[in-house]
>>> print(open('run_21.cif').read())   # mmCIF, C-alpha atoms
data_input
#
loop_
_atom_site.label_atom_id
_atom_site.label_comp_id
_atom_site.auth_asym_id
_atom_site.auth_seq_id
_atom_site.Cartn_x
_atom_site.Cartn_y
_atom_site.Cartn_z
CA MET Y 159 -14.96 31.76 -111.85
CA ILE Y 160 -13.89 33.08 -115.25
CA GLU Y 161 -10.19 32.74 -114.51
CA HIS Y 162 -10.49 29.19 -113.12
CA LEU Y 163 -13.28 27.86 -115.33
CA PRO Y 164 -11.65 24.49 -116.21
CA GLU Y 165 -10.96 23.70 -112.56
CA PRO Y 166 -13.34 22.04 -110.07
CA ILE Y 167 -14.83 25.07 -108.31
CA GLN Y 168 -16.70 24.73 -105.03
CA LEU Y 169 -18.81 27.30 -103.19
CA SER Y 170 -16.14 27.41 -100.48
CA ASP Y 171 -13.54 28.43 -103.07
CA VAL Y 172 -15.40 31.48 -104.36
CA ALA Y 173 -16.55 32.39 -100.84
CA ARG Y 174 -12.94 32.38 -99.69
CA ALA Y 175 -12.01 34.66 -102.59
CA GLY Y 176 -14.73 37.03 -101.37
CA THR Y 177 -13.50 36.72 -97.75
CA LEU Y 178 -16.95 35.58 -96.59
CA SER Y 179 -18.42 32.44 -95.12
CA PRO Y 180 -20.09 30.17 -97.71
CA PHE Y 181 -23.55 30.86 -96.27
CA HIS Y 182 -23.14 34.65 -96.24
CA PHE Y 183 -21.42 34.68 -99.65
CA HIS Y 184 -24.26 32.67 -101.21
CA ARG Y 185 -26.83 35.17 -99.92
CA VAL Y 186 -24.87 38.25 -100.99
CA PHE Y 187 -24.08 36.75 -104.39
CA ARG Y 188 -27.75 36.09 -105.06
CA ASP Y 189 -28.74 39.58 -103.92
CA VAL Y 190 -26.23 41.14 -106.33
CA THR Y 191 -26.62 38.87 -109.37
CA THR Y 192 -30.23 37.58 -108.89
CA THR Y 193 -28.93 34.01 -109.26
CA THR Y 194 -26.93 31.46 -107.28
CA PRO Y 195 -23.16 30.92 -107.64
CA ALA Y 196 -23.80 27.42 -109.04
CA ARG Y 197 -26.17 28.65 -111.76
CA PHE Y 198 -23.87 31.56 -112.58
CA LEU Y 199 -20.95 29.15 -113.00
CA THR Y 200 -23.02 26.80 -115.14
CA SER Y 201 -24.01 29.67 -117.44
CA LEU Y 202 -20.37 30.72 -117.83
CA ARG Y 203 -19.34 27.17 -118.66
CA MET Y 204 -22.12 26.76 -121.20
CA ALA Y 205 -21.13 30.04 -122.88
CA GLU Y 206 -17.55 28.83 -123.16
CA ALA Y 207 -18.78 25.47 -124.47
CA ARG Y 208 -20.70 27.24 -127.23
CA ARG Y 209 -17.60 29.20 -128.19
CA LEU Y 210 -15.36 26.13 -128.27
CA LEU Y 211 -17.86 24.17 -130.34
CA LEU Y 212 -18.03 26.97 -132.90
CA VAL Y 213 -14.44 28.21 -133.17
CA THR Y 214 -12.37 25.06 -132.51
CA PRO Y 215 -12.34 21.52 -133.91
CA LYS Y 216 -12.44 20.05 -130.39
CA THR Y 217 -14.55 16.97 -129.85
CA VAL Y 218 -17.52 17.14 -127.50
CA THR Y 219 -15.51 15.18 -124.94
CA ASP Y 220 -12.61 17.64 -125.16
CA VAL Y 221 -15.00 20.58 -124.78
CA CYS Y 222 -16.52 18.89 -121.74
CA THR Y 223 -13.18 18.59 -119.94
CA SER Y 224 -12.04 22.04 -121.10
CA ILE Y 225 -14.82 23.75 -119.16
CA GLY Y 226 -14.46 21.77 -115.94
CA TYR Y 227 -16.91 18.87 -116.30
CA SER Y 228 -15.72 15.40 -115.34
CA SER Y 229 -18.93 13.72 -116.53
CA LEU Y 230 -19.76 13.82 -120.25
CA GLY Y 231 -23.37 12.90 -119.52
CA THR Y 232 -23.80 15.79 -117.09
CA PHE Y 233 -22.30 18.23 -119.59
CA ILE Y 234 -24.58 17.08 -122.43
CA SER Y 235 -27.62 17.26 -120.14
CA GLN Y 236 -26.82 20.79 -118.95
CA PHE Y 237 -26.06 21.96 -122.47
CA GLY Y 238 -29.37 20.55 -123.69
CA LYS Y 239 -31.33 22.28 -120.94
CA LEU Y 240 -30.00 25.69 -121.95
CA THR Y 241 -29.88 25.35 -125.74
CA GLY Y 242 -32.48 22.67 -126.52
CA LEU Y 243 -29.81 20.83 -128.53
CA SER Y 244 -27.05 18.35 -127.95
CA PRO Y 245 -23.54 19.81 -128.40
CA ARG Y 246 -23.09 17.91 -131.67
CA ARG Y 247 -26.47 19.03 -133.02
CA PHE Y 248 -25.80 22.61 -131.91
CA ARG Y 249 -22.61 22.67 -133.95
CA CYS Y 250 -24.43 21.36 -137.03
CA VAL Y 251 -27.34 23.81 -136.73
CA VAL Y 252 -25.07 26.83 -136.41
CA GLU Y 253 -23.07 25.67 -139.42
CA GLN Y 254 -26.33 25.77 -141.38
CA ILE Y 255 -27.86 29.05 -140.18
CA GLY Y 256 -25.15 30.84 -138.21
CA HIS Y 257 -24.23 33.02 -141.18
CA ILE Y 258 -27.52 34.93 -140.98
CA PRO Y 259 -26.98 38.57 -139.92
CA VAL Y 260 -28.94 39.51 -136.81
CA GLU Y 261 -30.05 42.62 -138.68
CA GLU Y 262 -32.10 40.37 -140.99
CA LEU Y 263 -33.98 38.99 -137.97
CA VAL Y 264 -35.31 42.42 -137.02
CA GLU Y 265 -38.98 42.76 -137.91
CA ALA Y 266 -40.92 45.99 -138.20
CA GLY Y 267 -43.92 44.57 -136.35
CA PRO Y 268 -47.43 46.03 -136.33
CA GLU Y 269 -48.23 49.72 -136.04
CA LEU Y 270 -48.23 50.91 -132.43
CA ALA Y 271 -51.90 51.84 -132.61
CA ALA Y 272 -52.77 48.31 -133.69
CA ALA Y 273 -50.48 46.55 -131.21
CA SER Y 274 -52.01 43.64 -129.29
CA GLY Y 275 -48.93 43.03 -127.15
CA PRO Y 276 -46.52 45.04 -124.97
CA ILE Y 277 -44.88 48.20 -126.32
CA GLY Y 278 -41.36 49.16 -125.36
CA ALA Y 279 -38.00 50.51 -126.44
CA VAL Y 280 -34.30 49.74 -126.00
CA THR Y 281 -32.22 52.90 -125.79
CA GLY Y 282 -28.61 53.87 -125.36
CA LEU Y 283 -25.32 53.88 -127.21
CA HIS Y 284 -25.39 57.70 -127.42
CA GLY Y 285 -28.38 57.60 -129.72
CA GLU Y 286 -26.53 55.62 -132.39
CA PRO Y 287 -28.81 53.12 -134.12
CA CYS Y 288 -28.04 49.47 -133.57
CA ASN Y 289 -29.92 46.24 -133.00
CA ALA Y 290 -30.68 44.45 -129.78
CA LEU Y 291 -31.92 41.07 -128.64
CA LEU Y 292 -34.79 41.64 -126.22
CA GLY Y 293 -36.39 39.12 -123.92
CA LEU Y 294 -39.16 39.31 -121.36
CA PHE Y 295 -38.24 37.04 -118.45
CA ARG Y 296 -40.22 36.00 -115.43
CA LEU Y 297 -38.88 38.02 -112.49
CA ASN Y 298 -35.42 37.01 -111.24
CA ARG Y 299 -35.07 34.21 -113.80
CA PRO Y 300 -32.61 35.51 -116.44
CA GLN Y 301 -31.03 32.03 -116.79
CA GLU Y 302 -34.31 30.50 -117.93
CA LEU Y 303 -35.94 30.81 -121.33
CA PRO Y 304 -37.59 34.18 -121.98
CA THR Y 305 -41.35 34.17 -122.33
CA MET Y 306 -41.01 36.53 -125.29
CA PHE Y 307 -37.95 37.09 -127.48
CA HIS Y 308 -37.45 39.54 -130.33
CA ALA Y 309 -34.69 41.17 -132.36
CA ILE Y 310 -35.42 44.89 -132.54
CA ALA Y 311 -33.90 48.19 -133.62
CA THR Y 312 -32.89 50.48 -130.77
CA ASN Y 313 -34.01 54.00 -129.90
CA ARG Y 314 -37.61 53.65 -131.03
CA LEU Y 315 -40.84 52.23 -129.67
CA VAL Y 316 -41.62 48.73 -130.90
CA ALA Y 317 -44.82 46.68 -130.69
CA LEU Y 318 -44.09 43.17 -129.40
CA PRO Y 319 -46.08 39.93 -129.69
CA PRO Y 320 -48.70 39.32 -126.95
CA VAL Y 321 -47.60 37.44 -123.83
CA ALA Y 322 -49.46 35.83 -120.97
CA ASP Y 323 -50.52 38.10 -118.13
CA GLY Y 324 -47.98 38.50 -115.35
CA ASP Y 325 -44.90 40.40 -114.23
CA TYR Y 326 -41.80 40.37 -116.41
CA GLU Y 327 -38.27 41.72 -116.42
CA PRO Y 328 -37.13 43.06 -119.80
CA ILE Y 329 -33.48 42.35 -120.60
CA ALA Y 330 -31.67 43.40 -123.77
CA VAL Y 331 -28.25 42.74 -125.26
CA ALA Y 332 -26.81 45.03 -127.94
CA VAL Y 333 -25.67 43.47 -131.20
CA GLY Y 334 -23.15 45.01 -133.58
CA PRO Y 335 -24.37 46.18 -137.01
CA SER Y 336 -22.65 43.37 -138.92
CA ALA Y 337 -22.92 40.61 -136.32
CA THR Y 338 -24.23 37.22 -137.38
CA VAL Y 339 -26.03 34.61 -135.31
CA ARG Y 340 -22.75 32.71 -135.05
CA ASP Y 341 -20.90 35.82 -133.86
CA VAL Y 342 -23.37 36.26 -131.01
CA LEU Y 343 -23.18 32.62 -129.92
CA ALA Y 344 -19.38 32.48 -130.14
CA THR Y 345 -18.70 35.56 -128.00
CA PRO Y 346 -15.96 34.71 -125.46
CA ILE Y 347 -16.84 34.93 -121.79
CA GLY Y 348 -15.35 37.98 -120.14
CA VAL Y 349 -16.01 40.16 -123.20
CA LEU Y 350 -18.07 43.01 -121.80
CA GLY Y 351 -20.59 44.29 -124.30
CA ARG Y 352 -23.72 46.35 -123.80
CA ILE Y 353 -26.61 45.04 -121.76
CA GLY Y 354 -29.76 46.59 -120.36
CA PHE Y 355 -32.31 45.80 -117.67
CA GLY Y 356 -35.72 47.36 -117.27
CA PHE Y 357 -36.11 50.18 -114.77
CA SER Y 358 -39.06 48.35 -113.21
CA PRO Y 359 -41.03 45.15 -113.81
CA VAL Y 360 -43.39 45.07 -116.78
CA THR Y 361 -46.90 44.14 -115.72
CA VAL Y 362 -48.93 42.63 -118.55
CA THR Y 363 -52.72 42.56 -118.36
CA GLY Y 364 -54.86 41.43 -121.24
CA GLY Y 365 -51.71 40.78 -123.29
CA ARG Y 366 -50.49 44.38 -123.00
CA CYS Y 367 -48.69 46.61 -120.51
CA ARG Y 368 -50.35 49.81 -119.31
CA HIS Y 369 -47.41 52.04 -120.26
CA PRO Y 370 -44.51 51.53 -122.69
CA PHE Y 371 -41.43 50.17 -120.96
CA GLN Y 372 -37.82 51.20 -121.54
CA VAL Y 373 -34.55 49.31 -121.34
CA ALA Y 374 -31.39 51.45 -121.26
CA LEU Y 375 -28.25 49.79 -122.54
CA ARG Y 376 -25.08 50.22 -120.49
CA ARG Y 377 -21.62 48.72 -120.22
CA GLN Y 378 -21.86 45.13 -119.03
CA ARG Y 379 -20.34 44.25 -115.66
CA ARG Y 380 -18.69 40.97 -114.75
CA PHE Y 381 -21.30 40.23 -112.10
CA ASP Y 382 -24.31 40.87 -114.32
CA PRO Y 383 -26.39 37.68 -114.48
CA PRO Y 384 -25.65 35.58 -117.57
CA VAL Y 385 -28.56 35.85 -119.99
CA GLU Y 386 -29.42 32.79 -122.07
CA PHE Y 387 -30.57 33.69 -125.57
CA THR Y 388 -29.24 30.65 -127.47
CA ARG Y 389 -32.45 28.71 -128.00
CA PRO Y 390 -34.72 31.65 -128.92
CA LEU Y 391 -32.06 33.16 -131.20
CA LEU Y 392 -31.69 29.92 -133.14
CA SER Y 393 -35.48 29.58 -133.31
CA LEU Y 394 -35.73 33.10 -134.74
CA ALA Y 395 -33.09 32.31 -137.36
CA ARG Y 396 -34.85 29.07 -138.29
CA ARG Y 397 -38.16 30.85 -138.77
CA ARG Y 398 -36.49 33.33 -141.11
CA VAL Y 399 -35.07 30.47 -143.20
CA LEU Y 400 -38.52 28.87 -143.39
CA ARG Y 401 -40.14 32.15 -144.44
CA ILE Y 402 -37.61 32.58 -147.23
CA SER Y 403 -38.03 29.00 -148.44
CA HIS Y 404 -41.82 29.33 -148.46
CA SER Y 405 -41.76 32.66 -150.29
CA THR Y 406 -39.33 31.53 -152.98
CA PRO Y 407 -41.23 30.46 -156.10
CA ALA Y 408 -40.52 27.00 -157.42
CA ILE Y 409 -38.44 26.85 -160.60
CA GLY Y 410 -40.08 25.12 -163.55
#
>>> encode(input="run_21.cif", output="structure tokens")
Amino acid sequence: MIEHLPEPIQLSDVARAGTLSPFHFHRVFRDVTTTTPARFLTSLRMAEARRLLLVTPKTVTDVCTSIGYSSLGTFISQFGKLTGLSPRRFRCVVEQIGHIPVEELVEAGPELAAASGPIGAVTGLHGEPCNALLGLFRLNRPQELPTMFHAIATNRLVALPPVADGDYEPIAVAVGPSATVRDVLATPIGVLGRIGFGFSPVTVTGGRCRHPFQVALRRQRRFDPPVEFTRPLLSLARRRVLRISHSTPAIG
């Protein structure tokens, strides 16, 4: 999929590459990645679309054809579902707030004893401190919007905002110490960073989980399910801008 992204790719094509029948390949693919080949391909194409919009002067139409879409309307619709923005608006928003370092989005949060939401930690990277984007997703739905999203420091317990009762899968992506919002959104597909999945589902009752959960970062694999953090990351950056503007005293 990555190597032939601009081409029209059918289920039969990838099944043939895996030397399986389309039906059997579809089932195995979903068992391994937790998503379907079609959704996996769409996520890859949207990631490449974000990169092209941010690092090239290509028009929206050129970006559309560059990632294998023949219909501009379909591309804009799919892009909007994942990011909450049109491609043109996405480019403008990132120009405005993409310079914000992810490190500035990390919040200390409440004391653990006073926490009213889940408590957990993202660990790994040989104990070296870094930041991570953490989301709580409904089980087997990493391509959908996370129910809860936070930028946190690794290797320590963190109190998170309350979430609705239910079962969640925590997923985290490591972010470099100097990375900006734009850097994260413009990462090329195929670049294997650090990603982490919870050891077991997080069950939330009364807004909290019974025991702290842990997500261990590891080297990303090509068949890990694409995780969509675009919309919540931009929302987090926007809230930071609003906080700064509200806290800045008026001159005169």
>>> resolve_selection(input="run_21.cif", expression="the PyMOL selection byres ((chain Y and resi 189-194) around 6)", output="number ranges by chain")
Y: 186-188, 195-197, 298, 382-383
>>> atom_distance(input="run_21.cif", atom1="CA of His308 (chain Y)", atom2="CA of Leu291 (chain Y)")
6.0 Å
>>> atom_distance(input="run_21.cif", atom1="CA of Ala332 (chain Y)", atom2="CA of Ala207 (chain Y)")
21.4 Å
>>> closest_residue(input="run_21.cif", among="Y:Pro304, Y:Gly242, Y:Pro180, Y:Pro319", to="Ser274 (chain Y)", atoms="only C-alpha atoms")
Y:Pro319
>>> closest_residue(input="run_21.cif", among="Y:Ile225, Y:Val362, Y:Ile258, Y:Ile234", to="Arg296 (chain Y)", atoms="all atoms listed in the file")
Y:Val362
>>> build_atoms(input="run_21.cif", residues="region 318-350 of chain Y", atoms="N, CA and C atoms", output="compact mmCIF listing (two decimals), in the coordinates of the input")
# COMPACT_ATOMS: atom_id res chain seq x y z
N LEU Y 318 -44.55 44.55 -129.57
CA LEU Y 318 -44.09 43.17 -129.40
C LEU Y 318 -45.27 42.20 -129.45
N PRO Y 319 -45.00 40.92 -129.68
CA PRO Y 319 -46.08 39.93 -129.69
C PRO Y 319 -46.74 39.85 -128.31
N PRO Y 320 -48.01 39.47 -128.24
CA PRO Y 320 -48.70 39.32 -126.95
C PRO Y 320 -48.04 38.25 -126.09
N VAL Y 321 -48.10 38.44 -124.79
CA VAL Y 321 -47.60 37.44 -123.83
C VAL Y 321 -48.66 37.22 -122.77
N ALA Y 322 -48.51 36.14 -122.03
CA ALA Y 322 -49.46 35.83 -120.97
C ALA Y 322 -49.38 36.89 -119.88
N ASP Y 323 -50.49 37.11 -119.20
CA ASP Y 323 -50.52 38.10 -118.13
C ASP Y 323 -49.54 37.71 -117.02
N GLY Y 324 -48.93 38.73 -116.42
CA GLY Y 324 -47.98 38.50 -115.35
C GLY Y 324 -46.95 39.60 -115.28
N ASP Y 325 -45.97 39.43 -114.40
CA ASP Y 325 -44.90 40.40 -114.23
C ASP Y 325 -43.63 39.88 -114.89
N TYR Y 326 -42.99 40.76 -115.66
CA TYR Y 326 -41.80 40.37 -116.41
C TYR Y 326 -40.67 41.36 -116.20
N GLU Y 327 -39.45 40.85 -116.41
CA GLU Y 327 -38.27 41.72 -116.42
C GLU Y 327 -37.73 41.77 -117.84
N PRO Y 328 -37.71 42.96 -118.46
CA PRO Y 328 -37.13 43.06 -119.80
C PRO Y 328 -35.61 43.15 -119.73
N ILE Y 329 -34.94 42.34 -120.53
CA ILE Y 329 -33.48 42.35 -120.60
C ILE Y 329 -33.07 42.39 -122.06
N ALA Y 330 -32.11 43.25 -122.38
CA ALA Y 330 -31.67 43.40 -123.77
C ALA Y 330 -30.15 43.33 -123.86
N VAL Y 331 -29.68 42.81 -124.97
CA VAL Y 331 -28.25 42.74 -125.26
C VAL Y 331 -28.02 43.39 -126.62
N ALA Y 332 -27.10 44.35 -126.68
CA ALA Y 332 -26.81 45.03 -127.94
C ALA Y 332 -26.05 44.12 -128.89
N VAL Y 333 -26.32 44.27 -130.17
CA VAL Y 333 -25.67 43.47 -131.20
C VAL Y 333 -25.07 44.41 -132.23
N GLY Y 334 -23.83 44.17 -132.60
CA GLY Y 334 -23.15 45.01 -133.58
C GLY Y 334 -23.85 45.00 -134.93
N PRO Y 335 -23.65 46.05 -135.75
CA PRO Y 335 -24.37 46.18 -137.01
C PRO Y 335 -24.12 45.06 -138.01
N SER Y 336 -22.97 44.43 -137.95
CA SER Y 336 -22.65 43.37 -138.92
C SER Y 336 -22.60 41.99 -138.30
N ALA Y 337 -23.03 41.88 -137.04
CA ALA Y 337 -22.92 40.61 -136.32
C ALA Y 337 -23.88 39.57 -136.89
N THR Y 338 -23.40 38.34 -136.96
CA THR Y 338 -24.23 37.22 -137.38
C THR Y 338 -24.69 36.42 -136.16
N VAL Y 339 -25.58 35.49 -136.39
CA VAL Y 339 -26.03 34.61 -135.31
C VAL Y 339 -24.83 33.87 -134.70
N ARG Y 340 -23.94 33.41 -135.54
CA ARG Y 340 -22.75 32.71 -135.05
C ARG Y 340 -21.87 33.63 -134.20
N ASP Y 341 -21.71 34.88 -134.62
CA ASP Y 341 -20.90 35.82 -133.86
C ASP Y 341 -21.44 35.97 -132.43
N VAL Y 342 -22.75 36.08 -132.32
CA VAL Y 342 -23.37 36.26 -131.01
C VAL Y 342 -23.13 35.04 -130.14
N LEU Y 343 -23.30 33.85 -130.70
CA LEU Y 343 -23.18 32.62 -129.92
C LEU Y 343 -21.73 32.26 -129.60
N ALA Y 344 -20.79 32.80 -130.34
CA ALA Y 344 -19.38 32.48 -130.14
C ALA Y 344 -18.64 33.55 -129.35
N THR Y 345 -19.35 34.49 -128.77
CA THR Y 345 -18.70 35.56 -128.00
C THR Y 345 -17.97 34.97 -126.79
N PRO Y 346 -16.70 35.26 -126.60
CA PRO Y 346 -15.96 34.71 -125.46
C PRO Y 346 -16.48 35.26 -124.14
N ILE Y 347 -16.45 34.44 -123.11
CA ILE Y 347 -16.84 34.93 -121.79
C ILE Y 347 -15.80 35.95 -121.34
N GLY Y 348 -16.25 36.91 -120.59
CA GLY Y 348 -15.35 37.98 -120.14
C GLY Y 348 -15.35 39.18 -121.06
N VAL Y 349 -15.88 39.02 -122.29
CA VAL Y 349 -16.01 40.16 -123.20
C VAL Y 349 -17.23 40.97 -122.75
N LEU Y 350 -17.01 42.19 -122.37
CA LEU Y 350 -18.07 43.01 -121.80
C LEU Y 350 -18.70 43.89 -122.87
